[in-house]
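Dumped coords_6.cif below, it's mmCIF, C-alpha atoms and all ligand atoms:
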data_run
#
loop_
_atom_site.label_atom_id
_atom_site.label_comp_id
_atom_site.auth_asym_id
_atom_site.auth_seq_id
_atom_site.Cartn_x
_atom_site.Cartn_y
_atom_site.Cartn_z
CA MET A 1 155.84 68.13 93.67
CA ASN A 2 152.52 69.48 92.39
CA ALA A 3 151.79 69.52 88.67
CA PRO A 4 153.16 72.72 87.14
CA VAL A 5 150.77 75.46 86.05
CA VAL A 6 151.66 77.58 83.03
CA TYR A 7 150.70 81.24 82.77
CA LYS A 8 150.78 81.50 79.01
CA ASN A 9 151.59 84.34 76.64
CA ALA A 10 152.52 86.73 79.42
CA ARG A 11 153.98 90.11 78.55
CA TYR A 12 156.18 90.49 81.61
CA LEU A 13 158.52 93.21 82.80
CA ASP A 14 162.22 92.69 83.32
CA VAL A 15 162.50 95.44 85.92
CA GLU A 16 166.28 95.42 86.01
CA GLU A 17 166.64 95.86 82.23
CA GLY A 18 163.51 97.95 81.85
CA ILE A 19 162.14 95.88 78.96
CA TRP A 20 159.00 93.85 78.32
CA ARG A 21 159.43 90.21 77.37
CA THR A 22 156.81 87.74 76.17
CA GLY A 23 156.70 84.14 77.24
CA ASP A 24 155.12 81.30 79.17
CA LEU A 25 155.69 81.34 82.92
CA GLU A 26 155.70 77.80 84.26
CA VAL A 27 155.19 77.61 88.00
CA ALA A 28 155.79 74.65 90.29
CA ASP A 29 156.12 74.48 94.08
CA GLY A 30 155.78 78.21 94.44
CA ARG A 31 158.58 79.16 92.05
CA PHE A 32 159.04 79.98 88.40
CA SER A 33 160.24 76.54 87.31
CA ARG A 34 160.66 77.43 83.64
CA ILE A 35 160.24 80.57 81.58
CA THR A 36 159.95 80.04 77.83
CA GLN A 37 160.41 83.17 75.80
CA SER A 38 158.38 83.62 72.67
CA THR A 39 158.54 86.20 69.94
CA GLY A 40 155.93 84.93 67.51
CA PRO A 41 152.16 84.71 67.70
CA ALA A 42 150.54 83.04 70.69
CA ASP A 43 151.09 79.28 70.76
CA ASP A 44 148.09 77.43 72.10
CA SER A 45 149.37 73.93 71.53
CA GLY A 46 149.44 71.72 74.59
CA HIS A 47 147.09 73.99 76.56
CA ARG A 48 145.89 72.17 79.67
CA PRO A 49 142.74 73.01 81.59
CA HIS A 50 144.51 74.53 84.60
CA ASP A 51 146.83 76.72 82.53
CA VAL A 52 146.04 80.43 82.52
CA ASP A 53 146.11 82.52 79.35
CA LEU A 54 147.50 86.01 79.96
CA SER A 55 147.39 87.20 76.34
CA GLY A 56 146.99 90.96 76.16
CA ARG A 57 147.90 91.44 79.83
CA HIS A 58 150.94 93.10 81.41
CA VAL A 59 152.71 91.25 84.22
CA ILE A 60 155.01 92.86 86.79
CA PRO A 61 156.77 91.25 89.76
CA GLY A 62 154.85 91.07 93.04
CA LEU A 63 155.18 94.42 94.82
CA ILE A 64 157.12 94.89 98.06
CA ASP A 65 156.22 97.57 100.60
CA CYS A 66 159.28 98.08 102.82
CA HIS A 67 157.63 100.12 105.56
CA VAL A 68 154.31 99.00 107.01
CA HIS A 69 152.84 98.46 110.47
CA VAL A 70 150.39 95.61 110.20
CA TYR A 71 149.32 95.98 113.84
CA ALA A 72 148.56 99.71 113.51
CA MET A 73 144.77 99.39 113.56
CA THR A 74 144.57 103.03 114.77
CA ALA A 75 146.73 106.13 114.35
CA ASN A 76 146.56 106.61 118.12
CA LEU A 77 149.48 104.40 119.07
CA ALA A 78 149.00 104.93 122.82
CA GLU A 79 145.48 103.54 122.51
CA LEU A 80 146.86 100.55 120.65
CA GLU A 81 148.88 99.53 123.70
CA THR A 82 145.67 98.92 125.63
CA GLU A 83 144.09 96.57 123.09
CA ALA A 84 144.03 92.82 123.55
CA PRO A 85 146.61 91.15 121.29
CA SER A 86 143.90 88.83 119.96
CA TYR A 87 141.82 91.81 118.84
CA ALA A 88 144.79 93.57 117.23
CA THR A 89 145.66 90.32 115.46
CA MET A 90 142.27 90.14 113.78
CA HIS A 91 142.74 93.67 112.51
CA ALA A 92 146.25 92.83 111.30
CA ALA A 93 144.89 89.82 109.39
CA ARG A 94 142.39 91.99 107.58
CA LEU A 95 144.96 94.71 106.82
CA MET A 96 147.35 92.11 105.42
CA GLY A 97 144.63 90.60 103.23
CA ASP A 98 143.86 94.03 101.83
CA MET A 99 147.56 94.64 101.04
CA LEU A 100 147.64 91.41 99.05
CA GLU A 101 144.60 92.55 97.03
CA ARG A 102 146.58 95.65 96.02
CA GLY A 103 149.42 93.55 94.64
CA PHE A 104 151.79 93.62 97.62
CA THR A 105 152.97 90.03 97.88
CA THR A 106 155.71 90.89 100.41
CA VAL A 107 155.92 93.54 103.11
CA ARG A 108 158.50 94.55 105.68
CA ASP A 109 157.03 95.51 109.03
CA THR A 110 159.06 98.22 110.76
CA GLY A 111 157.52 98.12 114.22
CA GLY A 112 155.16 95.68 115.89
CA GLY A 113 154.97 92.88 113.33
CA ASP A 114 156.00 89.59 114.89
CA HIS A 115 156.79 85.92 114.49
CA GLY A 116 153.20 84.84 115.10
CA LEU A 117 151.80 86.72 112.13
CA ALA A 118 154.74 85.71 109.92
CA ALA A 119 154.28 82.05 110.84
CA ALA A 120 150.51 82.21 110.32
CA GLN A 121 151.04 83.72 106.88
CA SER A 122 153.66 81.20 105.80
CA GLU A 123 151.53 78.29 107.04
CA GLY A 124 148.53 79.56 105.09
CA LEU A 125 146.43 80.37 108.17
CA LEU A 126 146.41 84.01 107.23
CA ARG A 127 145.98 85.46 103.75
CA GLY A 128 148.48 88.26 103.25
CA PRO A 129 151.90 89.31 102.04
CA ARG A 130 155.04 87.45 103.13
CA LEU A 131 155.99 89.24 106.32
CA PHE A 132 159.53 90.37 107.12
CA PHE A 133 159.33 91.62 110.69
CA GLY A 134 161.56 93.33 113.23
CA GLY A 135 159.43 92.84 116.33
CA LYS A 136 159.16 95.80 118.67
CA SER A 137 160.97 99.02 117.72
CA LEU A 138 163.58 100.03 120.28
CA SER A 139 163.31 103.57 121.63
CA GLN A 140 164.87 105.64 124.36
CA THR A 141 162.71 107.14 127.10
CA GLY A 142 160.90 110.11 125.57
CA GLY A 143 161.72 108.81 122.09
CA HIS A 144 159.54 108.00 119.11
CA ALA A 145 158.15 104.76 120.59
CA ASP A 146 157.40 106.31 124.00
CA ASN A 147 153.67 106.92 123.68
CA ARG A 148 153.11 108.42 127.12
CA ARG A 149 151.66 111.89 127.28
CA PRO A 150 153.79 114.41 129.22
CA GLY A 151 151.56 114.12 132.30
CA GLN A 152 151.90 110.37 132.51
CA GLN A 153 154.53 109.27 134.99
CA GLN A 154 154.13 105.51 135.25
CA SER A 155 156.97 103.64 133.60
CA GLN A 156 156.17 101.79 130.41
CA GLU A 157 156.03 98.03 130.75
CA PRO A 158 158.15 96.64 127.96
CA MET A 159 156.59 93.93 125.79
CA CYS A 160 153.27 93.91 127.59
CA CYS A 161 150.80 94.80 124.93
CA ALA A 162 149.90 95.19 121.33
CA GLY A 163 152.03 98.34 120.94
CA LEU A 164 154.62 98.73 118.23
CA GLY A 165 157.67 99.54 120.31
CA MET A 166 159.50 99.16 123.62
CA ILE A 167 161.72 101.37 125.74
CA ALA A 168 165.36 100.47 126.34
CA ASP A 169 167.89 102.96 127.72
CA GLY A 170 171.65 102.48 127.81
CA PRO A 171 173.79 100.11 125.73
CA ASP A 172 173.18 97.10 127.99
CA ALA A 173 169.40 97.44 127.91
CA VAL A 174 169.47 98.04 124.15
CA ARG A 175 171.60 94.93 123.71
CA ARG A 176 169.23 92.85 125.79
CA ALA A 177 166.17 94.18 123.95
CA ALA A 178 167.88 93.55 120.61
CA ARG A 179 168.70 89.99 121.59
CA ASP A 180 165.13 89.46 122.63
CA GLN A 181 163.79 90.58 119.24
CA LEU A 182 166.35 88.38 117.48
CA ARG A 183 165.36 85.46 119.71
CA THR A 184 161.90 85.59 118.17
CA GLY A 185 163.29 85.37 114.62
CA SER A 186 163.30 89.06 113.66
CA HIS A 187 164.66 89.70 110.17
CA HIS A 188 166.01 93.07 111.26
CA LEU A 189 166.07 95.37 114.28
CA LYS A 190 164.31 98.72 114.24
CA ILE A 191 165.63 101.58 116.34
CA MET A 192 164.29 105.09 116.78
CA ALA A 193 167.21 107.41 115.96
CA GLY A 194 165.23 110.64 116.03
CA GLY A 195 161.89 112.33 116.60
CA GLY A 196 158.70 111.45 114.76
CA VAL A 197 155.17 112.49 113.99
CA ALA A 198 152.92 110.04 115.82
CA SER A 199 154.72 110.29 119.18
CA PRO A 200 153.36 112.80 121.72
CA THR A 201 156.44 114.31 123.39
CA ASP A 202 159.49 114.23 121.12
CA ARG A 203 160.52 116.91 118.66
CA VAL A 204 160.96 115.87 115.02
CA ASP A 205 164.39 117.52 115.04
CA SER A 206 165.64 115.59 118.08
CA ILE A 207 168.38 112.97 117.78
CA GLN A 208 167.64 109.85 119.81
CA TYR A 209 170.00 107.20 121.14
CA SER A 210 173.66 107.79 121.76
CA LEU A 211 176.23 106.38 119.38
CA ALA A 212 177.05 103.68 121.97
CA GLU A 213 173.41 102.60 122.20
CA MET A 214 173.05 102.43 118.42
CA ARG A 215 176.29 100.49 118.14
CA ALA A 216 175.01 97.95 120.67
CA ALA A 217 172.02 97.25 118.41
CA VAL A 218 174.17 97.14 115.27
CA GLU A 219 176.62 94.68 116.87
CA GLU A 220 173.84 92.35 117.95
CA ALA A 221 172.19 92.46 114.52
CA HIS A 222 175.50 91.95 112.76
CA ASP A 223 176.40 88.94 114.91
CA ALA A 224 173.04 87.38 114.06
CA ASN A 225 173.53 88.11 110.33
CA ARG A 226 170.73 90.63 110.46
CA TYR A 227 170.73 94.42 110.07
CA VAL A 228 169.41 97.55 111.76
CA ALA A 229 166.80 99.90 110.33
CA ALA A 230 166.64 103.35 111.91
CA HIS A 231 163.77 105.81 112.01
CA ALA A 232 165.49 109.13 111.17
CA TYR A 233 164.32 112.37 109.57
CA THR A 234 167.17 114.83 109.99
CA PRO A 235 170.78 114.97 108.77
CA GLY A 236 171.93 114.71 112.40
CA ALA A 237 169.94 111.56 113.14
CA ILE A 238 170.76 109.91 109.79
CA SER A 239 174.43 110.74 110.12
CA ARG A 240 174.76 109.27 113.62
CA ALA A 241 172.90 106.13 112.55
CA LEU A 242 175.28 105.68 109.61
CA ASP A 243 178.28 106.20 111.90
CA ALA A 244 176.93 103.38 114.07
CA GLY A 245 176.63 101.04 111.06
CA VAL A 246 172.89 101.18 110.42
CA ARG A 247 172.03 99.74 106.99
CA SER A 248 168.50 101.00 106.40
CA ILE A 249 167.22 104.54 106.97
CA GLU A 250 163.46 105.05 107.30
CA HIS A 251 161.76 108.32 106.20
CA ALA A 252 164.77 110.68 105.70
CA ASN A 253 162.35 113.53 104.95
CA LEU A 254 164.70 116.30 106.08
CA MET A 255 167.78 114.85 104.39
CA ASP A 256 170.09 117.31 102.65
CA ARG A 257 172.44 116.60 99.75
CA ASP A 258 175.54 116.01 101.89
CA THR A 259 173.66 113.46 103.96
CA ALA A 260 172.38 111.78 100.79
CA ARG A 261 175.96 111.38 99.61
CA LYS A 262 177.00 109.96 102.96
CA LEU A 263 174.13 107.45 102.65
CA ARG A 264 175.23 106.47 99.17
CA ASP A 265 178.88 106.09 100.20
CA ALA A 266 177.81 103.87 103.10
CA GLY A 267 175.83 101.65 100.71
CA ALA A 268 172.77 102.16 102.90
CA PHE A 269 169.14 101.86 101.81
CA VAL A 270 166.53 104.59 102.20
CA THR A 271 162.84 103.83 102.51
CA MET A 272 160.64 106.88 102.05
CA ASN A 273 156.89 106.92 102.61
CA LEU A 274 155.30 110.17 101.52
CA VAL A 275 151.72 108.94 101.38
CA THR A 276 151.43 108.75 105.15
CA TYR A 277 151.96 112.52 105.52
CA TRP A 278 149.44 113.19 102.79
CA ALA A 279 146.96 110.90 104.55
CA LEU A 280 147.65 112.35 108.02
CA LYS A 281 147.01 115.83 106.67
CA GLU A 282 143.77 114.76 104.98
CA PHE A 283 142.34 112.34 107.50
CA GLY A 284 144.57 112.24 110.61
CA ALA A 285 142.25 114.13 112.95
CA SER A 286 139.31 111.85 112.23
CA MET A 287 141.50 108.74 112.52
CA GLY A 288 142.69 109.33 116.07
CA LEU A 289 145.93 111.26 115.52
CA PRO A 290 146.45 113.55 118.53
CA ASP A 291 146.68 117.36 118.04
CA ALA A 292 150.37 117.54 118.91
CA SER A 293 151.09 115.11 116.11
CA GLN A 294 148.92 116.98 113.60
CA ARG A 295 151.18 119.99 113.91
CA LYS A 296 154.26 117.97 113.00
CA VAL A 297 152.81 116.74 109.72
CA ASP A 298 153.21 119.98 107.77
CA ASP A 299 156.91 120.17 108.66
CA VAL A 300 157.76 116.88 107.07
CA LEU A 301 155.42 116.65 104.06
CA ALA A 302 156.92 119.26 101.74
CA ALA A 303 160.45 118.44 102.90
CA GLY A 304 159.84 114.78 102.07
CA GLU A 305 159.10 115.48 98.41
CA ASN A 306 162.32 117.50 98.20
CA ALA A 307 164.28 114.65 99.84
CA LEU A 308 162.81 112.19 97.33
CA ARG A 309 164.16 114.31 94.46
CA ILE A 310 167.59 114.47 96.10
CA ALA A 311 167.60 110.70 96.70
CA ASP A 312 166.69 110.05 93.07
CA GLU A 313 169.29 112.46 91.71
CA GLU A 314 172.03 111.05 93.92
CA GLY A 315 171.22 107.49 92.86
CA LEU A 316 170.49 106.19 96.34
CA GLN A 317 169.19 102.67 96.92
CA LEU A 318 165.67 103.89 97.34
CA CYS A 319 162.89 101.59 98.52
CA PHE A 320 159.13 101.90 98.41
CA GLY A 321 157.34 102.40 101.73
CA THR A 322 154.03 103.71 103.01
CA ASP A 323 153.97 103.74 106.85
CA LEU A 324 150.18 104.24 106.94
CA LEU A 325 148.31 103.93 110.21
CA GLY A 326 144.79 102.79 111.03
CA GLY A 327 142.03 103.33 108.46
CA MET A 328 144.45 105.31 106.28
CA GLN A 329 146.04 102.05 105.11
CA ILE A 330 143.53 101.88 102.25
CA HIS A 331 145.65 104.58 100.53
CA GLN A 332 148.74 102.35 100.23
CA SER A 333 148.84 102.48 96.42
CA LYS A 334 148.68 106.28 96.33
CA GLU A 335 152.40 106.32 97.17
CA PHE A 336 152.97 105.42 93.49
CA GLU A 337 151.07 108.51 92.38
CA ILE A 338 152.96 110.84 94.74
CA ARG A 339 156.35 109.48 93.65
CA ALA A 340 155.42 109.80 89.97
CA ARG A 341 155.51 113.58 90.38
CA HIS A 342 159.27 113.33 90.91
CA GLN A 343 160.49 110.02 89.50
CA GLU A 344 160.32 107.88 86.35
CA PRO A 345 157.88 104.95 86.53
CA LEU A 346 160.65 102.39 86.14
CA SER A 347 162.64 103.86 89.06
CA ILE A 348 159.55 103.69 91.25
CA LEU A 349 158.90 100.07 90.24
CA ARG A 350 162.50 99.15 91.08
CA ALA A 351 162.02 100.67 94.53
CA ALA A 352 159.06 98.34 95.04
CA THR A 353 160.69 95.22 93.54
CA THR A 354 164.40 94.67 92.89
CA THR A 355 165.86 97.27 95.27
CA ALA A 356 163.39 96.24 97.97
CA ALA A 357 164.48 92.61 97.54
CA LYS A 358 168.12 93.65 98.05
CA LEU A 359 167.15 95.41 101.26
CA LEU A 360 165.40 92.23 102.41
CA GLN A 361 168.50 90.19 101.48
CA ARG A 362 166.35 88.23 99.00
CA ASP A 363 167.96 89.50 95.79
CA GLY A 364 167.02 87.26 92.85
CA GLU A 365 164.35 85.48 94.90
CA LEU A 366 161.74 88.20 95.37
CA GLY A 367 160.72 91.18 93.22
CA VAL A 368 161.78 89.55 89.97
CA ILE A 369 160.31 87.34 87.25
CA ARG A 370 163.09 84.87 86.64
CA GLU A 371 163.56 81.09 86.85
CA ASP A 372 163.88 79.87 90.47
CA ALA A 373 162.50 83.12 91.91
CA SER A 374 159.32 83.06 93.99
CA ALA A 375 156.35 83.06 91.63
CA ASP A 376 154.89 86.36 92.87
CA PHE A 377 153.38 88.60 90.21
CA VAL A 378 150.69 91.12 89.46
CA VAL A 379 148.60 91.14 86.28
CA LEU A 380 147.56 94.54 84.95
CA ASP A 381 145.16 95.54 82.21
CA GLY A 382 147.68 97.86 80.52
CA ASP A 383 151.30 99.03 80.46
CA PRO A 384 152.17 100.76 83.77
CA LEU A 385 155.26 102.38 82.23
CA GLN A 386 152.92 104.24 79.86
CA ASP A 387 149.98 104.64 82.22
CA PHE A 388 151.36 104.72 85.75
CA GLY A 389 147.87 105.32 87.12
CA LEU A 390 147.36 101.57 86.76
CA LEU A 391 149.49 101.11 89.88
CA SER A 392 147.69 103.76 91.91
CA ASP A 393 144.46 101.97 91.18
CA PRO A 394 144.35 99.59 94.12
CA ALA A 395 142.69 96.75 92.25
CA PRO A 396 144.98 94.91 89.86
CA GLU A 397 143.34 92.33 87.64
CA MET A 398 145.05 89.38 89.29
CA VAL A 399 147.61 88.79 92.03
CA VAL A 400 149.69 85.60 92.15
CA GLN A 401 151.74 84.73 95.22
CA GLY A 402 153.92 81.64 95.42
CA GLY A 403 152.35 80.46 92.17
CA ARG A 404 148.76 80.64 93.49
CA ILE A 405 146.16 83.11 92.32
CA VAL A 406 145.34 84.93 95.56
CA SER A 407 143.23 87.73 94.15
CA GLY A 408 141.18 88.12 90.96
CA GLY A 409 140.93 85.67 88.08
CA GLY A 410 138.79 83.14 89.98
CA GLU A 411 140.86 82.24 93.06
CA ASN A 412 142.18 78.71 93.41
ZN ZN A 501 156.88 103.58 110.63
#
Whole structure given in structure tokens:
Amino acid sequence: MNAPVVYKNARYLDVEEGIWRTGDLEVADGRFSRITQSTGPADDSGHRPHDVDLSGRHVIPGLIDCHVHVYAMTANLAELETEAPSYATMHAARLMGDMLERGFTTVRDTGGGDHGLAAAQSEGLLRGPRLFFGGKSLSQTGGHADNRRPGQQQSQEPMCCAGLGMIADGPDAVRRAARDQLRTGSHHLKIMAGGGVASPTDRVDSIQYSLAEMRAAVEEAHDANRYVAAHAYTPGAISRALDAGVRSIEHANLMDRDTARKLRDAGAFVTMNLVTYWALKEFGASMGLPDASQRKVDDVLAAGENALRIADEEGLQLCFGTDLLGGMQIHQSKEFEIRARHQEPLSILRAATTTAAKLLQRDGELGVIREDASADFVVLDGDPLQDFGLLSDPAPEMVVQGGRIVSGGGEN
């Protein structure tokens, strides 16, 4: 056991209760080993050279982004499939490092992220957020992970390249593909349950995968004590995914109130990601997004803000996501600003901490400042509940992951 380090006089947020507490955060072996609350003036007795004084700073739990694609070095996903995995990996390493700088100490990859990157991160070879990955997304032919243009006839080779998804048609093929992702240690399975923006031939309003195919994936995930996340925009796609037992819905931009209630009754999680539509509208054309995809963006942007309001009003288990592609990933923190138009700061922070941790099945371990939890936290130069712009500013004063200062404050 390494000698504990104490982050002293921290004003830290209890996200669950919505209150600020003041105390000394003692960290050992990557966890909060002891938290001593204080109410009086700062106590400097027993200060050791490696302790860190956080007087006057605000401390929030390390942020969790529940929808990223760390391999998406370009918005042209077809082009991505032709890159060498080694090249895509170097891009992923840089993207992950940048996410950490913004205060994201954990991310969930919802297509492409794999065991190699997760292992490299946990072994310290790669500087970045903890990576919860699902491997390749499963898609039907002509579905959201089928990146062939309509004129292309050659069949897609599954698992050949640095792409984010693979094609599997029919319950047996879905089952086999699911087992193969689980074989590599996937934390969840991702299926494409409806149309999307970045894919060249499907309609956003299409439903993808039959109930039997979805159920095959859900059964395999369930038997491995994992869960299925489904890409779904419309009530039809969301509803079928819920009927199949899917636990996590991605996007949900076109969700109506009835569907929101069905989601709540099912105890499912919803991860929205409005910033990606804002970014695609602003920069998509120059970042490699094909024309056919550009036209889909408008349809889902305004609807997404409406769906966010419905999700908030209906009390859904709402998680923070961004889904940015290519060079647009630098706008990750702008999701906070977009959500703040419709939600209270504390609700948004919960989406990026405690609720996200529940989705990841790491409740009490991640996204919280509490004894025995992972010592992941972000130090801000002000109160984000009063000045939420502090979170949209992508450069927090200090980021601590597993007890180590990984950004700002003189790295150790
Ligand atoms: Zn995505």
For ligand ZN 501 (chain A), return the neighbouring residues as a PyMOL selection string (distance at most 8 Å; all atoms listed in the file).
chain A and resi 67-69+110-111+231+250+323-324
Expected residue set, 10 Å radius at (163.0, 86.5, 109.6), all atoms listed in the file, as a list of chain:residue names
A:Asp114, A:His115, A:Ala118, A:Ala119, A:Leu131, A:Phe132, A:Phe133, A:Gly134, A:Gly135, A:Leu182, A:Thr184, A:Gly185, A:Ser186, A:His187, A:His188, A:Arg226, A:Leu360
Can you tell me, as a ChimeraX atom specification, what residues are no more than 6 Å from Leu13 of chain A when counting all atoms listed in the file, ignoring any on the same chain fewer than 5 positions away?
/A:19-20,60
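Once only C-alpha atoms are considered, the residues situated within 7 Å of the file point (170.7, 103.5, 128.0) turn out to be Ala168, Asp169, Gly170, Pro171, Asp172, Ala173, Val174 and Glu213 of chain A.
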What gap, in Å, lies between atom CA of Tyr87 of chain A and atom CA of Pro150 of chain A?
27.6 Å
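Taking atom CA of Asp383 of chain A as the reference point, atom CA of Leu25 of chain A is found at 18.4 Å.
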Write out as JSON, numbers by chain the residues lying within 8 Å of segment 270-287 of chain A, counting all atoms listed in the file and excluding same-chain residues fewer than 3 positions away.
{"A": [66, 67, 74, 75, 76, 248, 249, 250, 251, 252, 253, 290, 291, 294, 297, 298, 300, 301, 304, 305, 308, 316, 317, 318, 319, 320, 321, 322, 323, 324, 325, 326, 327, 328, 331, 332, 334, 335, 338, 339]}
Let me see the file: selected residues, C-alpha atoms, as an mmCIF file, in the coordinates of the input.
data_model
loop_
_atom_site.group_PDB
_atom_site.id
_atom_site.type_symbol
_atom_site.label_atom_id
_atom_site.label_comp_id
_atom_site.auth_asym_id
_atom_site.auth_seq_id
_atom_site.Cartn_x
_atom_site.Cartn_y
_atom_site.Cartn_z
ATOM 1 C CA CYS A 66 159.280 98.080 102.820
ATOM 2 C CA HIS A 67 157.630 100.120 105.560
ATOM 3 C CA THR A 74 144.570 103.030 114.770
ATOM 4 C CA ALA A 75 146.730 106.130 114.350
ATOM 5 C CA ASN A 76 146.560 106.610 118.120
ATOM 6 C CA SER A 248 168.500 101.000 106.400
ATOM 7 C CA ILE A 249 167.220 104.540 106.970
ATOM 8 C CA GLU A 250 163.460 105.050 107.300
ATOM 9 C CA HIS A 251 161.760 108.320 106.200
ATOM 10 C CA ALA A 252 164.770 110.680 105.700
ATOM 11 C CA ASN A 253 162.350 113.530 104.950
ATOM 12 C CA PRO A 290 146.450 113.550 118.530
ATOM 13 C CA ASP A 291 146.680 117.360 118.040
ATOM 14 C CA GLN A 294 148.920 116.980 113.600
ATOM 15 C CA VAL A 297 152.810 116.740 109.720
ATOM 16 C CA ASP A 298 153.210 119.980 107.770
ATOM 17 C CA VAL A 300 157.760 116.880 107.070
ATOM 18 C CA LEU A 301 155.420 116.650 104.060
ATOM 19 C CA GLY A 304 159.840 114.780 102.070
ATOM 20 C CA GLU A 305 159.100 115.480 98.410
ATOM 21 C CA LEU A 308 162.810 112.190 97.330
ATOM 22 C CA LEU A 316 170.490 106.190 96.340
ATOM 23 C CA GLN A 317 169.190 102.670 96.920
ATOM 24 C CA LEU A 318 165.670 103.890 97.340
ATOM 25 C CA CYS A 319 162.890 101.590 98.520
ATOM 26 C CA PHE A 320 159.130 101.900 98.410
ATOM 27 C CA GLY A 321 157.340 102.400 101.730
ATOM 28 C CA THR A 322 154.030 103.710 103.010
ATOM 29 C CA ASP A 323 153.970 103.740 106.850
ATOM 30 C CA LEU A 324 150.180 104.240 106.940
ATOM 31 C CA LEU A 325 148.310 103.930 110.210
ATOM 32 C CA GLY A 326 144.790 102.790 111.030
ATOM 33 C CA GLY A 327 142.030 103.330 108.460
ATOM 34 C CA MET A 328 144.450 105.310 106.280
ATOM 35 C CA HIS A 331 145.650 104.580 100.530
ATOM 36 C CA GLN A 332 148.740 102.350 100.230
ATOM 37 C CA LYS A 334 148.680 106.280 96.330
ATOM 38 C CA GLU A 335 152.400 106.320 97.170
ATOM 39 C CA ILE A 338 152.960 110.840 94.740
ATOM 40 C CA ARG A 339 156.350 109.480 93.650
#
Rounded to one decimal in Å, what is the spacing between atom CA of Leu254 of chain A and atom CA of Met192 of chain A?
15.5 Å
Which segment 286-364 of chain A residues have any atom within 10 Å of an atom of segment 369-376 of chain A, and for each, what is the nearest pair of atoms with distance in Å to one decimal, counting only C-alpha atoms, rows sorted by chain and number, as JSON lines?
{"residue": "A:Arg362", "atom": "CA", "partner": "A:Ala373", "partner_atom": "CA", "distance": 9.6}
{"residue": "A:Asp363", "atom": "CA", "partner": "A:Ala373", "partner_atom": "CA", "distance": 9.3}
{"residue": "A:Gly364", "atom": "CA", "partner": "A:Ala373", "partner_atom": "CA", "distance": 6.2}
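Of the listed residues (A:Phe336, A:Tyr7, A:Tyr209, A:Tyr233), A:Phe336 comes nearest to Phe388 of chain A; the distances count all atoms listed in the file.
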Polymer residues at most 12 Å from Arg240 of chain A, only C-alpha atoms, same-chain spacing of 5 or more positions, as a PyMOL selection string
chain A and resi 192-194+206-215+230-235+245-247+249+259+262-263
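Contact shell of Gln153 of chain A at 12 Å (only C-alpha atoms; same-chain neighbours under 6 positions omitted): Thr141, Gly142, Asp146 and Asn147 of chain A.
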Using all atoms listed in the file, the residue out of A:Gln401, A:Ser55, A:Ser139, A:Ser333 with shortest distance to Val27 of chain A is A:Gln401
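With only C-alpha atoms as the atoms that count, the minimum distance from Ala93 of chain A to the choices A:Gly128, A:Glu81, A:Ile310, A:Glu16 is reached by A:Gly128.
Excluding His50 of chain A and any residue on its chain fewer than 4 positions from it, the residues at most 10 Å away by all atoms listed in the file are A:Ala3, A:Pro4, A:Val5, A:Val6, A:Tyr7.
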Taking all atoms of segment 314-319 of chain A that appear in the file, build a box with edges along x, y and z, extend it by 5 Å on every side, and state its centre and edge lengths in Å to one decimal, as lines of an AutoDock Vina configuration file.
center_x = 167.5
center_y = 106.3
center_z = 95.7
size_x = 19.1
size_y = 19.5
size_z = 15.7
